[in-house]
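Undergrad: Sharing a structure below in C-alpha cells format, with a few things to ask.
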Amino acid sequence: MNSKERIVSFPRMGNIHIPISAFLREMSANIILPQANSKQTLTIGARYSPEMICLPYKMNLGNYVQALEQGANTLLMFQAPGTCRLGSYAKMAENKLRELGYDFEMIVFDLYGGKFKEVMGKFSLATGNKSVTKAIAGVKICLAKFDALDKIERELLFIRPREKNFATAEKVYNKGKDLIDKARTPEEVKTAVNYTMTEFKQIYLDKSKEILKIYLTGEFFVLLDPYVNMDIEKELGKLGVEVDRQIMLSEWVGQSLIPGWLRKKETHKERAIRTSRRYMTRIVGGECVETLGDTVYAAKKKLDGVIHATPFNCIPEIISQCILPHVSLKESIPVISLLMDEHTGKVGMITRLEAFVDLMRRNKRKKQKGFAVAGPA
Amino acid sequence: MKIGIPRGMNYYNYYPFWHGFFTYLGIEPVLSSPTTKKTILRGSELVVPETCLPVKIFMGHVLDLIDNKGIDVIYVPSHQSIAHKIYNCSKIRGLPDLVRNVVKRNFLLIEPTLDKSEKKQGLYEYLYESVAPLGITDKKLIKKASKAGWEAQNNFNAMLVNGMEYNQAMKNAKNGKFINAVEDNREHPVNVAVISHGYNLYDNRISMGIFEKLEKLDVKTYIPENLSMEQMKKGFPVLNTTLYWANEYEMTGAAGYYLVDKNIDGIITLTSFGCGPDSIMIERITRFSKKYSKPLLNLTVDEHTGEAGFITRLEAFTDMLVRKKRENIIKSYSRQFGEEKKQTQPENQAAGF
C-alpha cells in the first residue's frame, strides 16, 4: 500500500482522539475519526463479536467498522500481552473484519515493557513519514495535549459538584476541549488551557453545599469513556459528589510508554502495589491491583466511598470484585461495584448511585455528630 | 504432616506431580471429596456470581478440606506464567489471593508462584516456596523430590497418550505404576474429540459425566490429553494463531489437531459460562470448523445447567454425525458404481430429513 493513500483511523476512548490525532496530523497523515461512541457503535460491535467477550472489544470493533465504512484503510491498535484479553483484541478484530470483507492494513503497537522507540517506529510506518524532527514535534504537542486535557478535566471534577448553576462548568470544559483540539502548537495549547482556567474561575460556587468525596476506580476503558460509563461523573456531580480518580489519560500514557528509569514520581501502579499488598500479592493483569490499591488509598485518605466501575465479565475485575467486600470491611469504607454492558440501563444505575450517595451522606453526618458509624468495624 | 489439596483447577493436570513430590518429602497429600452439589453451593456463596464455575467449585473444595477433613494447611499454587510472555488466565494467576481474602477460616495457605516472565521464578523456586513454610528448606532434597514428582507426572502423561482412561491413569500414577493401556478393538460408529480444560472435563459435576453418556451412545471419545505436546503444537498453525494463554494447548492446540484429523468425525467443546480465555478460543475454533467442515458442538455449562438438556444435545449431535457418515459412505460407493448414484442419493436425502 502506498503511504500517500493511507487513511488512518483508530478506536475511540473518551478524549484520546485529541492528542493522538494531533500527533498524526503533525506527521502529516490523513485521518478519519470514527463517530463518537454511541449506541450504534455498540450495536455494530456486539453483532460481530463473540457472545462472552468484554465490552471494550465490542466498542473497538464497532469503531473499526464505522471507520472502514467511511473510507479508512489503515487501522491502529495497541496491545500488551500479559494484561488480559486485551492482548488478543487486535488479531481478533483483524480476522473478523477480513471475514466481513473489508480491505485494510492493521498496525499494532506492542506496549510490553514500554518500548518508546518501537512505538515511534510503528507510527512512522503508519504515517509514511520518517522525519525525526516532525516526530519530536508531534510527541511534544501530543504530550502537551494529554496534560492539558487532564488539567481541565481535574478542574471540572472539582467545580462540577460545587457550582450554583449546574452544567456551566461542563460548557466551559467542552469549549476548552475544542480549543485544545484546534491548537496547532504547544504554545497554543497553553493559551487554550489558561483561557479555560480563567473561565472556570468565573463560575459561581455554592459554598454552603455539603460535598461528598468519592474515589472512582475500575477498568480504564470504562472510566475514560463517558458513553460507556453513562456519564457517571456528571450524574455524581449532580448529586453533589466530587469524583477523584487516578486513572487519567496522561497517567496511563506515562505509565505504559515512558521507561521506568526516566520517571520521577511514583506511578499509579507502583502506589497500588504498595497499598494493596495486604490483600493482593500478585499482579494478575488488567487493573485488578489498581482497583484494590485505590480502595485502600481512598480509605487512608478518609474519602467517603469508592465506586468501582467495570465491564461485565472482565476477567481481572472479577477477582477485584470478589476481594473488594473484604477490603471494604477491613478498611471500613463503602464500596459499590457497577457493571457495564450493552444491556445496562442508565436509570437503574442512577438509582443505585443515589442510594449509595444517601448511604455515604448518612455515614458522614453520623461521623460529624460524633456517633459511632454503623456497620461492621 | 498433612497438606490439603483442593480437587479443582490445576489438580486435574498436575496432581501426579504434587503427589510424587510431597510423598517423597514425607508429607501426606490429602484430597478433598469429589464435587457435589453442596460443594458448588458453598463455593458460590464466597465469590461474586459472574465468577466461572470451576473457581466457585475450587472455593467449595477449600472449605471442604478445612471444615470436613480438618486440614489446616492448604496448597493453592499460582501458575502465573509458564514461559516468557505466556500468561495464564487472571483467575488462575490470582487464585491464592482470592482464597486468602474470601475464605474466612484459620489455616495456613501455601501459595507458591510460578512466574517465568516478570519475576523469573522457575520450577525450583516454585517448589521451594511450596515446602519452605512447612520447614523443608534443603534445596538438594527438594530437587530429588521434584524428580520423583516428574516420574509420576511423566507416567501419567504417557499413559494418557497411550489412550488409557483418565481416572484409571490417575489411579495408576498415584500408585507409582506405569501400565500399558488395553487396546480397545471394538469398532465404534463415530469418533468424537471432546475439547476442554482438564478441570471442566474430569470433574463429573461440570461435565455431567459426558464420557459415560457418549459411551452409552456408542461413541468413541478422544481427549486433549491423548495428544503429545508436539501434536498439540501442530494444532496452532491449523487455526492460524500462536500461543497466548498458558492453558491454550489443551484447547486451541488439541482442537487444531483434531480438526484436520480424518479419523475424527466431530468435535465437542465444553466451556463454563463466563470463561474469558475460552470466549476467544471457542470463537476461533468455531470459525475454523466451518472452514474444514467438521461438525462442532459448543456446550456451555454453569451451576444451573440441566442434565436432560445436556443429554438431548449430545444425542442430537451423535445422530447427526452418524447420518453424515452414512451419507458419505453411500456417496463414495455410488461414485464407485457411477450409475447407481442417481438412484441412491435422493433416497438417502429423504431419509435424512
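Identifiers in the C-alpha cells: chain A, B, ... in order shown; residue index from 1 per chain; ligand index from 1 in order shown.
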Mind the document's chain letters and residue numbers, and return as a PyMOL selection string the residues of range 152-245 of chain A that DSSP labels strand (DSSP E).
TA: chain A and resi 212-218+241-244
Undergrad: Quick one: everything within 9 Å of range 92-96 of chain A, counting only C-alpha atoms, minus sequence neighbours fewer than 6 positions away in the same chain. Send it as a list in words.
TA: Tyr48, Ser49, Tyr57, Asn60, Leu61, Tyr64, Phe104, Glu105 and Met106 of chain A; Ile280 and Arg284 of chain B
Undergrad: Write to file, as an mmCIF file, in the first residue's frame, the residues of the selection just made, with N, CA and C atoms.
TA:
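Result saved to part_20.cif:
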```cif
data_model
loop_
_atom_site.group_PDB
_atom_site.id
_atom_site.type_symbol
_atom_site.label_atom_id
_atom_site.label_comp_id
_atom_site.auth_asym_id
_atom_site.auth_seq_id
_atom_site.Cartn_x
_atom_site.Cartn_y
_atom_site.Cartn_z
ATOM 1 N N TYR A 48 -20.987 -8.378 15.730
ATOM 2 C CA TYR A 48 -19.904 -9.156 15.142
ATOM 3 C C TYR A 48 -18.943 -9.750 16.174
ATOM 4 N N SER A 49 -19.259 -9.604 17.457
ATOM 5 C CA SER A 49 -18.327 -10.096 18.480
ATOM 6 C C SER A 49 -18.805 -11.427 19.033
ATOM 7 N N TYR A 57 -13.911 -4.483 23.706
ATOM 8 C CA TYR A 57 -13.702 -5.075 22.383
ATOM 9 C C TYR A 57 -14.874 -4.764 21.473
ATOM 10 N N ASN A 60 -14.535 -1.214 20.320
ATOM 11 C CA ASN A 60 -13.457 -1.049 19.354
ATOM 12 C C ASN A 60 -13.854 -1.576 17.987
ATOM 13 N N LEU A 61 -14.469 -2.748 17.987
ATOM 14 C CA LEU A 61 -14.867 -3.341 16.708
ATOM 15 C C LEU A 61 -15.888 -2.460 16.011
ATOM 16 N N TYR A 64 -14.108 0.401 14.402
ATOM 17 C CA TYR A 64 -13.396 -0.017 13.190
ATOM 18 C C TYR A 64 -14.356 -0.117 12.012
ATOM 19 N N PHE A 104 -7.947 -3.662 4.345
ATOM 20 C CA PHE A 104 -7.281 -2.649 5.179
ATOM 21 C C PHE A 104 -5.961 -3.212 5.663
ATOM 22 N N GLU A 105 -5.189 -2.338 6.306
ATOM 23 C CA GLU A 105 -3.964 -2.804 6.950
ATOM 24 C C GLU A 105 -4.039 -2.454 8.419
ATOM 25 N N MET A 106 -3.580 -3.374 9.249
ATOM 26 C CA MET A 106 -3.658 -3.129 10.680
ATOM 27 C C MET A 106 -2.251 -2.968 11.240
ATOM 28 N N ILE B 280 -12.620 -16.434 23.523
ATOM 29 C CA ILE B 280 -11.853 -16.150 22.319
ATOM 30 C C ILE B 280 -11.516 -17.434 21.568
ATOM 31 N N ARG B 284 -12.666 -18.865 17.719
ATOM 32 C CA ARG B 284 -11.709 -19.240 16.674
ATOM 33 C C ARG B 284 -11.973 -20.667 16.193
#
```
Undergrad: In Å, rounded to a single decimal, give me how far CA of Pro189 in chain B is from CA of Lys324 in chain B.
TA: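 Interatomic distance, CA of Lys324 in chain B to CA of Pro189 in chain B: 11.2 Å.
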Undergrad: By how many Å are CA of Leu353 in chain A and CA of Gly218 in chain A apart?
TA: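 Distance reported for this atom pair: 15.7 Å.
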Undergrad: Near chain A, meaning an atom within 6 Å, which residues of chain B appear when counting only C-alpha atoms? Write them as a compact mmCIF listing (two decimals) with C-alpha atoms, in the first residue's frame.
TA:
```
# COMPACT_ATOMS: atom_id res chain seq x y z
CA VAL B 47 -17.48 -15.19 45.29
CA VAL B 48 -19.46 -12.88 43.01
CA TYR B 87 0.48 -15.86 30.90
CA SER B 90 -6.16 -13.90 35.72
CA ARG B 93 -2.97 -16.31 38.49
CA GLY B 94 -4.76 -14.75 41.43
CA ASP B 97 -5.06 -14.18 46.71
CA ASN B 101 -9.42 -12.97 51.04
CA SER B 279 -14.66 -16.98 24.74
```
Undergrad: Would you list the contacts of range 54-60 of chain B as a PDB file with N, CA and C atoms, in the first residue's frame, taking every protein, DNA or RNA residue within 7 Å and counting only C-alpha atoms, but skipping same-chain residues closer than 2 positions in sequence?
TA:
```pdb
ATOM      1  N   PRO B   6      -7.002 -29.025  47.202  1.00  0.00           N
ATOM      2  CA  PRO B   6      -8.376 -28.952  46.729  1.00  0.00           C
ATOM      3  C   PRO B   6      -8.521 -29.633  45.368  1.00  0.00           C
ATOM      4  N   ARG B   7      -9.587 -30.370  45.214  1.00  0.00           N
ATOM      5  CA  ARG B   7      -9.813 -31.101  43.970  1.00  0.00           C
ATOM      6  C   ARG B   7     -10.443 -30.160  42.944  1.00  0.00           C
ATOM      7  N   GLY B   8      -9.641 -29.289  42.401  1.00  0.00           N
ATOM      8  CA  GLY B   8     -10.161 -28.348  41.415  1.00  0.00           C
ATOM      9  C   GLY B   8      -9.034 -27.683  40.677  1.00  0.00           C
ATOM     10  N   MET B   9      -9.371 -26.963  39.613  1.00  0.00           N
ATOM     11  CA  MET B   9      -8.414 -26.227  38.774  1.00  0.00           C
ATOM     12  C   MET B   9      -7.213 -27.092  38.382  1.00  0.00           C
ATOM     13  N   THR B  39     -20.788 -28.714  47.346  1.00  0.00           N
ATOM     14  CA  THR B  39     -19.510 -28.028  47.092  1.00  0.00           C
ATOM     15  C   THR B  39     -19.754 -26.768  46.283  1.00  0.00           C
ATOM     16  N   ILE B  40     -20.570 -26.922  45.228  1.00  0.00           N
ATOM     17  CA  ILE B  40     -20.838 -25.776  44.354  1.00  0.00           C
ATOM     18  C   ILE B  40     -21.557 -24.685  45.138  1.00  0.00           C
ATOM     19  N   ARG B  42     -21.681 -24.063  48.391  1.00  0.00           N
ATOM     20  CA  ARG B  42     -20.863 -23.383  49.408  1.00  0.00           C
ATOM     21  C   ARG B  42     -19.800 -22.514  48.773  1.00  0.00           C
ATOM     22  N   GLY B  43     -19.271 -22.975  47.635  1.00  0.00           N
ATOM     23  CA  GLY B  43     -18.263 -22.175  46.942  1.00  0.00           C
ATOM     24  C   GLY B  43     -18.861 -20.911  46.354  1.00  0.00           C
ATOM     25  N   SER B  44     -20.068 -21.035  45.790  1.00  0.00           N
ATOM     26  CA  SER B  44     -20.683 -19.870  45.139  1.00  0.00           C
ATOM     27  C   SER B  44     -20.982 -18.752  46.125  1.00  0.00           C
ATOM     28  N   VAL B  47     -17.953 -16.069  46.373  1.00  0.00           N
ATOM     29  CA  VAL B  47     -17.479 -15.185  45.295  1.00  0.00           C
ATOM     30  C   VAL B  47     -18.672 -14.562  44.565  1.00  0.00           C
ATOM     31  N   THR B  51     -18.244 -15.047  38.577  1.00  0.00           N
ATOM     32  CA  THR B  51     -17.067 -15.910  38.597  1.00  0.00           C
ATOM     33  C   THR B  51     -17.400 -17.227  37.900  1.00  0.00           C
ATOM     34  N   CYS B  52     -16.397 -17.792  37.224  1.00  0.00           N
ATOM     35  CA  CYS B  52     -16.695 -19.007  36.460  1.00  0.00           C
ATOM     36  C   CYS B  52     -16.863 -20.204  37.392  1.00  0.00           C
ATOM     37  N   VAL B  62     -11.926 -25.955  48.991  1.00  0.00           N
ATOM     38  CA  VAL B  62     -11.101 -25.434  50.084  1.00  0.00           C
ATOM     39  C   VAL B  62     -11.880 -25.521  51.396  1.00  0.00           C
ATOM     40  N   LEU B  63     -13.157 -25.124  51.342  1.00  0.00           N
ATOM     41  CA  LEU B  63     -13.998 -25.200  52.540  1.00  0.00           C
ATOM     42  C   LEU B  63     -14.140 -26.638  53.005  1.00  0.00           C
ATOM     43  N   ASP B  64     -14.297 -27.551  52.052  1.00  0.00           N
ATOM     44  CA  ASP B  64     -14.469 -28.965  52.385  1.00  0.00           C
ATOM     45  C   ASP B  64     -13.255 -29.481  53.153  1.00  0.00           C
ATOM     46  N   TYR B 199      -9.954 -29.234  34.190  1.00  0.00           N
ATOM     47  CA  TYR B 199     -10.847 -29.033  35.329  1.00  0.00           C
ATOM     48  C   TYR B 199     -12.319 -29.009  34.942  1.00  0.00           C
TER      49      TYR B 199
END
```
Undergrad: Going by DSSP on the backbone, which residues of range 117-360 of chain A come out as helix (DSSP H, G or I)? List them as JSON, numbers by chain.
TA: {"A": [117, 118, 119, 120, 121, 122, 123, 124, 125, 126, 127, 132, 133, 134, 135, 136, 137, 138, 139, 140, 141, 142, 143, 144, 145, 146, 147, 148, 149, 150, 151, 152, 153, 154, 155, 156, 157, 158, 159, 168, 169, 170, 171, 172, 173, 174, 175, 176, 177, 178, 179, 180, 181, 182, 186, 187, 188, 189, 190, 191, 192, 193, 194, 195, 196, 197, 198, 199, 200, 201, 220, 221, 222, 223, 224, 232, 233, 234, 235, 236, 237, 238, 249, 250, 251, 252, 253, 254, 255, 256, 257, 260, 261, 262, 268, 269, 270, 271, 272, 273, 274, 275, 288, 289, 290, 291, 292, 293, 294, 295, 296, 297, 298, 299, 300, 315, 316, 317, 318, 319, 320, 321, 322, 323, 324, 325, 326, 327, 328, 329, 330, 331, 346, 347, 348, 349, 350, 351, 352, 353, 354, 355, 356, 357, 358, 359, 360]}
Undergrad: Need the shell around Met349 in chain A: protein/DNA/RNA residues with any atom at most 12 Å away, counting only C-alpha atoms. Skip same-chain ones fewer than 2 positions apart. Format as number ranges by chain?
TA: A: 229-232, 235-236, 307, 309, 336-341, 343-347, 351-356
Undergrad: Could you please determine the separation between CA of Ala192 in chain A and CA of Tyr204 in chain A in Å, to one decimal place?
TA: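 So the answer is 21.0 Å.
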Undergrad: I'd like the neighbourhood of range 19-35 of chain A as an mmCIF file with N, CA and C atoms, in the first residue's frame, where a residue qualifies if any of its atoms comes within 9 Å (using only C-alpha atoms), though same-chain residues fewer than 2 positions away should be ignored.
TA:
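As a result, result_1.cif now contains:
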```
data_model
loop_
_atom_site.group_PDB
_atom_site.id
_atom_site.type_symbol
_atom_site.label_atom_id
_atom_site.label_comp_id
_atom_site.auth_asym_id
_atom_site.auth_seq_id
_atom_site.Cartn_x
_atom_site.Cartn_y
_atom_site.Cartn_z
ATOM 1 N N SER A 3 2.110 4.841 0.887
ATOM 2 C CA SER A 3 1.859 5.569 2.124
ATOM 3 C C SER A 3 0.988 6.803 1.881
ATOM 4 N N LYS A 4 1.007 7.300 0.647
ATOM 5 C CA LYS A 4 0.236 8.515 0.387
ATOM 6 C C LYS A 4 -1.261 8.269 0.403
ATOM 7 N N GLU A 5 -1.641 7.042 0.079
ATOM 8 C CA GLU A 5 -3.087 6.771 0.057
ATOM 9 C C GLU A 5 -3.591 6.359 1.427
ATOM 10 N N ARG A 6 -2.683 6.243 2.362
ATOM 11 C CA ARG A 6 -3.114 5.766 3.673
ATOM 12 C C ARG A 6 -4.123 6.718 4.314
ATOM 13 N N ILE A 7 -5.204 6.141 4.787
ATOM 14 C CA ILE A 7 -6.147 6.923 5.581
ATOM 15 C C ILE A 7 -6.245 6.207 6.924
ATOM 16 N N VAL A 8 -5.758 6.871 7.945
ATOM 17 C CA VAL A 8 -5.565 6.208 9.231
ATOM 18 C C VAL A 8 -6.769 6.412 10.125
ATOM 19 N N SER A 9 -7.103 5.386 10.872
ATOM 20 C CA SER A 9 -8.160 5.524 11.866
ATOM 21 C C SER A 9 -7.795 4.691 13.086
ATOM 22 N N PHE A 10 -8.411 5.012 14.200
ATOM 23 C CA PHE A 10 -8.120 4.278 15.437
ATOM 24 C C PHE A 10 -9.350 4.300 16.320
ATOM 25 N N PRO A 11 -9.432 3.361 17.283
ATOM 26 C CA PRO A 11 -10.633 3.295 18.118
ATOM 27 C C PRO A 11 -10.756 4.512 19.039
ATOM 28 N N ARG A 12 -11.974 4.820 19.426
ATOM 29 C CA ARG A 12 -12.190 5.960 20.315
ATOM 30 C C ARG A 12 -12.211 5.499 21.751
ATOM 31 N N ASN A 15 -11.354 11.052 25.411
ATOM 32 C CA ASN A 15 -10.697 12.151 24.704
ATOM 33 C C ASN A 15 -9.424 11.735 24.003
ATOM 34 N N ILE A 16 -9.139 10.456 23.973
ATOM 35 C CA ILE A 16 -7.819 10.047 23.489
ATOM 36 C C ILE A 16 -7.605 10.443 22.031
ATOM 37 N N HIS A 17 -8.698 10.668 21.294
ATOM 38 C CA HIS A 17 -8.526 11.006 19.879
ATOM 39 C C HIS A 17 -7.881 12.376 19.703
ATOM 40 N N ASN A 37 -18.405 7.380 20.326
ATOM 41 C CA ASN A 37 -19.064 6.157 20.778
ATOM 42 C C ASN A 37 -20.534 6.408 21.063
ATOM 43 N N SER A 38 -21.363 5.520 20.547
ATOM 44 C CA SER A 38 -22.796 5.707 20.727
ATOM 45 C C SER A 38 -23.447 4.338 20.747
ATOM 46 N N THR A 41 -22.586 2.351 17.650
ATOM 47 C CA THR A 41 -21.272 1.707 17.671
ATOM 48 C C THR A 41 -21.354 0.379 18.398
ATOM 49 N N ASN A 63 -16.148 0.776 16.298
ATOM 50 C CA ASN A 63 -15.390 1.909 15.773
ATOM 51 C C ASN A 63 -14.726 1.562 14.454
ATOM 52 N N TYR A 64 -14.108 0.401 14.402
ATOM 53 C CA TYR A 64 -13.396 -0.017 13.190
ATOM 54 C C TYR A 64 -14.356 -0.117 12.012
ATOM 55 N N VAL A 65 -15.491 -0.767 12.260
ATOM 56 C CA VAL A 65 -16.449 -0.945 11.160
ATOM 57 C C VAL A 65 -16.905 0.420 10.662
ATOM 58 N N GLN A 66 -17.206 1.331 11.604
ATOM 59 C CA GLN A 66 -17.659 2.662 11.191
ATOM 60 C C GLN A 66 -16.569 3.401 10.427
ATOM 61 N N ALA A 67 -15.322 3.273 10.891
ATOM 62 C CA ALA A 67 -14.219 3.959 10.221
ATOM 63 C C ALA A 67 -14.010 3.395 8.822
ATOM 64 N N LEU A 68 -14.082 2.072 8.695
ATOM 65 C CA LEU A 68 -13.873 1.453 7.383
ATOM 66 C C LEU A 68 -14.980 1.848 6.414
ATOM 67 N N GLN A 70 -16.394 4.602 6.391
ATOM 68 C CA GLN A 70 -16.133 5.974 5.967
ATOM 69 C C GLN A 70 -14.932 6.093 5.050
ATOM 70 N N GLY A 71 -14.219 4.988 4.840
ATOM 71 C CA GLY A 71 -13.125 5.025 3.872
ATOM 72 C C GLY A 71 -11.734 4.886 4.443
ATOM 73 N N ALA A 72 -11.607 4.552 5.718
ATOM 74 C CA ALA A 72 -10.267 4.351 6.270
ATOM 75 C C ALA A 72 -9.679 3.067 5.694
ATOM 76 N N PHE A 123 4.640 4.247 14.375
ATOM 77 C CA PHE A 123 3.907 5.444 13.984
ATOM 78 C C PHE A 123 4.409 5.963 12.637
ATOM 79 N N SER A 124 5.728 5.939 12.446
ATOM 80 C CA SER A 124 6.229 6.446 11.174
ATOM 81 C C SER A 124 5.847 5.503 10.046
ATOM 82 N N ALA A 126 2.985 3.954 10.008
ATOM 83 C CA ALA A 126 1.576 4.248 9.766
ATOM 84 C C ALA A 126 1.390 5.527 8.968
ATOM 85 N N THR A 127 2.271 6.495 9.218
ATOM 86 C CA THR A 127 2.071 7.782 8.566
ATOM 87 C C THR A 127 2.917 7.929 7.318
ATOM 88 N N GLY A 128 3.893 7.031 7.139
ATOM 89 C CA GLY A 128 4.767 7.140 5.984
ATOM 90 C C GLY A 128 5.716 8.315 6.086
ATOM 91 N N ASN A 129 5.904 8.806 7.298
ATOM 92 C CA ASN A 129 6.749 9.974 7.490
ATOM 93 C C ASN A 129 7.914 9.591 8.395
ATOM 94 N N LYS A 130 9.126 9.689 7.870
ATOM 95 C CA LYS A 130 10.255 9.217 8.666
ATOM 96 C C LYS A 130 11.028 10.352 9.321
ATOM 97 N N SER A 131 10.568 11.578 9.140
ATOM 98 C CA SER A 131 11.297 12.727 9.659
ATOM 99 C C SER A 131 11.320 12.729 11.183
ATOM 100 N N LYS A 134 9.914 16.053 12.826
ATOM 101 C CA LYS A 134 8.444 16.076 12.854
ATOM 102 C C LYS A 134 7.927 15.191 13.962
ATOM 103 N N ALA A 135 8.581 14.046 14.114
ATOM 104 C CA ALA A 135 8.136 13.110 15.149
ATOM 105 C C ALA A 135 8.296 13.745 16.517
ATOM 106 N N ALA A 137 8.368 16.936 17.234
ATOM 107 C CA ALA A 137 7.337 17.976 17.366
ATOM 108 C C ALA A 137 5.990 17.336 17.672
ATOM 109 N N GLY A 138 5.724 16.222 17.000
ATOM 110 C CA GLY A 138 4.458 15.521 17.204
ATOM 111 C C GLY A 138 4.314 15.036 18.625
ATOM 112 N N VAL A 139 5.387 14.424 19.131
ATOM 113 C CA VAL A 139 5.337 13.917 20.505
ATOM 114 C C VAL A 139 5.115 15.066 21.473
ATOM 115 N N LYS A 140 5.793 16.193 21.208
ATOM 116 C CA LYS A 140 5.673 17.339 22.104
ATOM 117 C C LYS A 140 4.229 17.809 22.211
ATOM 118 N N ILE A 141 3.602 17.995 21.031
ATOM 119 C CA ILE A 141 2.234 18.520 21.066
ATOM 120 C C ILE A 141 1.284 17.467 21.624
ATOM 121 N N CYS A 142 1.583 16.203 21.335
ATOM 122 C CA CYS A 142 0.733 15.116 21.808
ATOM 123 C C CYS A 142 0.737 15.086 23.337
ATOM 124 N N LEU A 143 1.941 15.126 23.929
ATOM 125 C CA LEU A 143 2.028 15.085 25.392
ATOM 126 C C LEU A 143 1.426 16.344 26.004
ATOM 127 N N ALA A 144 1.652 17.500 25.326
ATOM 128 C CA ALA A 144 1.081 18.750 25.837
ATOM 129 C C ALA A 144 -0.431 18.647 25.900
ATOM 130 N N LYS A 145 -1.009 18.042 24.860
ATOM 131 C CA LYS A 145 -2.472 17.930 24.841
ATOM 132 C C LYS A 145 -2.973 16.947 25.894
ATOM 133 N N PHE A 146 -2.232 15.851 26.079
ATOM 134 C CA PHE A 146 -2.616 14.914 27.135
ATOM 135 C C PHE A 146 -2.688 15.644 28.472
ATOM 136 N N LEU A 149 -5.560 18.286 28.655
ATOM 137 C CA LEU A 149 -6.891 17.696 28.831
ATOM 138 C C LEU A 149 -7.098 17.248 30.267
ATOM 139 N N ILE A 180 -8.428 23.064 22.674
ATOM 140 C CA ILE A 180 -7.218 22.238 22.734
ATOM 141 C C ILE A 180 -7.104 21.392 21.467
ATOM 142 N N ASP A 181 -8.240 20.898 21.008
ATOM 143 C CA ASP A 181 -8.237 20.089 19.789
ATOM 144 C C ASP A 181 -7.738 20.914 18.606
ATOM 145 N N LYS A 182 -8.138 22.195 18.566
ATOM 146 C CA LYS A 182 -7.783 23.028 17.421
ATOM 147 C C LYS A 182 -6.351 23.552 17.490
ATOM 148 N N ALA A 183 -5.776 23.577 18.681
ATOM 149 C CA ALA A 183 -4.438 24.155 18.847
ATOM 150 C C ALA A 183 -3.419 23.419 17.989
ATOM 151 N N ARG A 184 -2.477 24.212 17.416
ATOM 152 C CA ARG A 184 -1.506 23.624 16.483
ATOM 153 C C ARG A 184 -0.125 23.472 17.104
#
```
Undergrad: As a ChimeraX atom specification, please: the residues near range 154-169 of chain A (cut-off 8 Å, only C-alpha atoms, same-chain neighbours under 5 positions excluded).
TA: /A:197,200,203-207,209,211,233-234,236-244
Undergrad: Name the residues in contact with Arg277 in chain A at a cut-off of 10 Å, using only C-alpha atoms, excluding same-chain residues fewer than 5 positions from it; report them as a compact mmCIF listing (two decimals) with C-alpha atoms, in the first residue's frame.
TA:
```txt
# COMPACT_ATOMS: atom_id res chain seq x y z
CA ALA A 272 -1.39 0.49 44.07
CA ARG A 282 0.41 -10.76 42.71
CA VAL A 289 -4.23 -4.31 41.62
CA LEU A 292 -7.73 -2.74 45.27
CA GLY A 293 -4.89 -0.30 45.83
CA VAL A 296 -7.13 1.16 50.38
```
